[in-house]
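Remarks on the structure that follows.
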Amino acid sequence: MNILFIGEIVGKLGRLTVSRVLPSLRKDANISVVFANAENVAHGKGATKATLEEVQNYGVDYFTSGNHIFWRSEVFEELDTNDPSIIRPANYPQDVPGQGFKVIDLGKDGKVLLVNLLGRTFFNEPVFCPFRTVDKILKDFADEKFAAIVVDFHAELSSERVAMGWYLDGRVTAVVGTHTHVPSADAWVMPQGTAYVTDAGMVGAQHSVLGVEPEIIIEKLKNPQPQRFEWVEEGPAVFNAVLVEVEAGRAKSIKRVDRVLDGEGR
Ligand SMILES: [Fe+2]
Ligand SMILES: [Fe+2]
């Protein structure tokens, strides 16, 4: 079974890029299920039902998220449905909208458990320990046989993500890092069979700082005055993802799938 995990889809250009890359990729790579981080799918911050549905039409099955998921309240209803297309980090308090994990039935391919966690270092978010949280989820599902368990660890610090990879090696199929929007070159299968990558990357404007107009970010870094973010919505775009090959619950391989499309969609 092949699982594709796409990095953070940023705004309109990100969604357009998914529409240009994913349909043929999904066919060519014989992919059973596609996950993507959608915390920036709606105009750079947060998600809406409409933007999630749009990206599902291009071939993404389910979404994870991160610290920006509560940015738009339109998504709360989707987070709280019985069968949500999107989950939020599991280590947020239980009474906030949404679920932190999801069991997905792929029919003949079996069941897949998707888990979302948020890191703590350099985040000012009210979250519990991600390590203990994932322990509890895995313990609660100890009797369940999954074809794959995929964890999106959304964290600022690369070392916190590497540590999570080692913590879960042999216990889950893949640990995929997100949040920094920059694809990392360390995709590998750890000794006990867990596929790991520090950051899946993003899908969005190449001529940007994480999707935002570079001049605005440079101003923000140089001067104290607040800046209004503007998201780059045209020009060249990057598509970053990882493809995980799974056999008997363990990762056989993990490969980066990175494309750059010029402004014309090539
Ligand atoms: Fe993000
Ligand atoms: Fe984030």
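Residue names in the structure tokens use chain letters A, B, ... in the order shown, residue numbers from 1 in each chain, and ligand numbers from 1 in the order shown.
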Show me a table, sorted first by chain and then by increasing residue number, of the residues of chain A having an atom at most 7 Å from ligand 1, each with its shortest atom pair and the distance in Å to one decimal, counting only C-alpha atoms and all ligand atoms and written as CSV.
residue,atom,partner,partner_atom_place_in_ligand_line,distance
A:Glu8,CA,ligand 1,1 (Fe),5.9
A:Glu39,CA,ligand 1,1 (Fe),5.8
A:Asn40,CA,ligand 1,1 (Fe),5.5
A:His68,CA,ligand 1,1 (Fe),7.0
A:His179,CA,ligand 1,1 (Fe),4.6
A:Thr180,CA,ligand 1,1 (Fe),6.5
A:His181,CA,ligand 1,1 (Fe),6.2
Selection to disk with C-alpha atoms, as a short mmCIF file (atom, residue, chain, number, x, y, z; two decimals), in the first residue's frame:
data_model
loop_
_atom_site.label_atom_id
_atom_site.label_comp_id
_atom_site.auth_asym_id
_atom_site.auth_seq_id
_atom_site.Cartn_x
_atom_site.Cartn_y
_atom_site.Cartn_z
CA GLU A 8 0.78 22.36 4.04
CA GLU A 39 -4.09 24.55 8.40
CA ASN A 40 -3.34 27.19 5.73
CA HIS A 68 -3.76 27.76 12.78
CA HIS A 179 4.59 23.61 10.30
CA THR A 180 7.81 25.11 8.98
CA HIS A 181 6.65 24.83 5.32
#
Closest atom pairs, segment 70-125 of chain A residues within 7 Å of segment 151-163 of chain A, only C-alpha atoms, as a tab-separated table:
residue	atom	partner	partner_atom	distance
A:Leu114	CA	A:Val151	CA	6.0
A:Val115	CA	A:Val151	CA	4.7
A:Asn116	CA	A:Asp152	CA	4.8
A:Leu117	CA	A:Phe153	CA	4.9
A:Leu118	CA	A:His154	CA	4.8
A:Gly119	CA	A:Ala155	CA	4.3
A:Thr121	CA	A:Leu157	CA	6.4
A:Phe122	CA	A:Glu156	CA	6.5
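Across A:Lys27, A:Val182, A:Pro97, A:Phe128, the tightest approach to ligand 2 is made by A:Val182 when counting only C-alpha atoms and all ligand atoms.
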Closest atom pairs, segment 68-148 of chain A residues within 12 Å of segment 232-246 of chain A, only C-alpha atoms, as JSON lines:
{"residue": "A:Asp109", "atom": "CA", "partner": "A:Val246", "partner_atom": "CA", "distance": 10.5}
{"residue": "A:Gly110", "atom": "CA", "partner": "A:Val246", "partner_atom": "CA", "distance": 11.8}
{"residue": "A:Val112", "atom": "CA", "partner": "A:Val246", "partner_atom": "CA", "distance": 11.2}
{"residue": "A:Phe146", "atom": "CA", "partner": "A:Val246", "partner_atom": "CA", "distance": 11.4}
{"residue": "A:Ala147", "atom": "CA", "partner": "A:Val246", "partner_atom": "CA", "distance": 8.1}
{"residue": "A:Ala148", "atom": "CA", "partner": "A:Val246", "partner_atom": "CA", "distance": 7.3}
Any chance you can output those residues with C-alpha atoms as a PDB file, in the first residue's frame?
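Wrote it out as out.pdb, contents follow:
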ATOM      1  CA  ASP A 109      -6.306  -2.239   2.235  1.00  0.00           C
ATOM      2  CA  GLY A 110      -7.484  -2.333   5.860  1.00  0.00           C
ATOM      3  CA  VAL A 112      -5.508   3.357   8.839  1.00  0.00           C
ATOM      4  CA  PHE A 146      -4.130  -1.212  11.630  1.00  0.00           C
ATOM      5  CA  ALA A 147      -2.674  -1.508   8.143  1.00  0.00           C
ATOM      6  CA  ALA A 148      -0.847   1.753   8.913  1.00  0.00           C
TER       7      ALA A 148
END
Task: Counting only C-alpha atoms, the residue of A:Leu4, A:Met202, A:Ala187, A:Ala42 that sits nearest Val260 of chain A - done: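 Of A:Leu4, A:Met202, A:Ala187, A:Ala42, the one nearest Val260 of chain A, counting only C-alpha atoms, is A:Met202.
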Task: Contacts of Pro226 of chain A within 10 Å, only C-alpha atoms, excl. fewer than 5 positions in-chain, as a list in words - done: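 In the requested format, the answer is Ile216, Glu219 and Lys220 of chain A.
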If you keep N, CA and C atoms, can you produce a file of those selected residues as a PDB file, in the first residue's frame?
ATOM      1  N   ILE A 216       6.861  41.945   2.799  1.00  0.00           N
ATOM      2  CA  ILE A 216       6.111  42.151   4.045  1.00  0.00           C
ATOM      3  C   ILE A 216       6.840  41.499   5.218  1.00  0.00           C
ATOM      4  N   GLU A 219      10.006  43.480   6.058  1.00  0.00           N
ATOM      5  CA  GLU A 219       9.615  44.663   6.830  1.00  0.00           C
ATOM      6  C   GLU A 219       9.352  44.301   8.286  1.00  0.00           C
ATOM      7  N   LYS A 220       8.612  43.211   8.455  1.00  0.00           N
ATOM      8  CA  LYS A 220       8.234  42.754   9.802  1.00  0.00           C
ATOM      9  C   LYS A 220       9.470  42.400  10.637  1.00  0.00           C
TER      10      LYS A 220
END
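When DSSP reads the backbone of this structure, the residues of segment 167-230 of chain A it assigns to helix (DSSP H, G or I) are Tyr167, Leu168, Pro214, Glu215, Ile216, Ile217, Ile218, Glu219, Lys220, Leu221 and Lys222 of chain A.
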Dump of C-alpha atoms for the selected residues, as a PDB file, in the first residue's frame:
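Result went into result-v6.pdb, see below:
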ATOM      1  CA  TYR A 167       9.959   7.834  20.310  1.00  0.00           C
ATOM      2  CA  LEU A 168       7.520   6.260  17.845  1.00  0.00           C
ATOM      3  CA  PRO A 214       8.634  38.444   0.952  1.00  0.00           C
ATOM      4  CA  GLU A 215       8.720  42.278   1.275  1.00  0.00           C
ATOM      5  CA  ILE A 216       6.111  42.151   4.045  1.00  0.00           C
ATOM      6  CA  ILE A 217       8.056  39.584   6.063  1.00  0.00           C
ATOM      7  CA  ILE A 218      11.330  41.466   5.564  1.00  0.00           C
ATOM      8  CA  GLU A 219       9.615  44.663   6.830  1.00  0.00           C
ATOM      9  CA  LYS A 220       8.234  42.754   9.802  1.00  0.00           C
ATOM     10  CA  LEU A 221      11.687  41.434  10.672  1.00  0.00           C
ATOM     11  CA  LYS A 222      13.354  44.848  10.256  1.00  0.00           C
TER      12      LYS A 222
END
Task: Every residue of segment 26-264 of chain A that DSSP places in strand (DSSP E or B), as a PyMOL selection string - done: chain A and resi 31-37+62-64+86+101-105+111-118+148-154+169+172+174-178+188-189+195-197+202-205+209+212+231+237-247+250-261
Open item on the list: Taking only C-alpha atoms into account, name the residue in A:Ala50, A:Ala36, A:Lys12, A:Gln225 that is nearest to Gly201 of chain A.
Closed with: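 So, comparing all the options, the nearest one is A:Ala36.
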Task: Given only C-alpha atoms as the counted atoms, nearest of A:Ala38, A:Leu138, A:Val55, A:Leu106 to Arg88 of chain A - done: A:Ala38
- [ ] Give me, please, the distance in Å between atom CA of Thr133 of chain A and atom CA of Phe101 of chain A, quoted to one decimal.
- [x]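 Between atom CA of Thr133 of chain A and atom CA of Phe101 of chain A the gap works out to 10.9 Å.
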Task: Surrounding residues of Val18 of chain A excluding itself and chain neighbours under 3 positions, 8 Å, only C-alpha atoms, as a PyMOL selection string - done: chain A and resi 9+14-15+21-22+55+58+203+239
Task: Nearest residue to Asn37 of chain A from the set A:Thr178, A:Asn2, A:Asn223, A:Gln56 (distances using only C-alpha atoms) - done: A:Thr178
Open item on the list: Please determine, counting only C-alpha atoms and all ligand atoms, which residue among A:Gln192, A:Asn124, A:Ser253, A:Ser208 has the shortest atom-to-atom distance to ligand 2.
Closed with: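 The closest residue to ligand 2 is A:Asn124.
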Open item on the list: One number please: atom CA of Ile87 of chain A to atom CA of Lys255 of chain A, in Å, one decimal.
Closed with: 24.4 Å
Task: Interatomic distance (Å, one decimal) between atom CA of Leu25 of chain A and atom CA of Ile254 of chain A - done: 15.5 Å
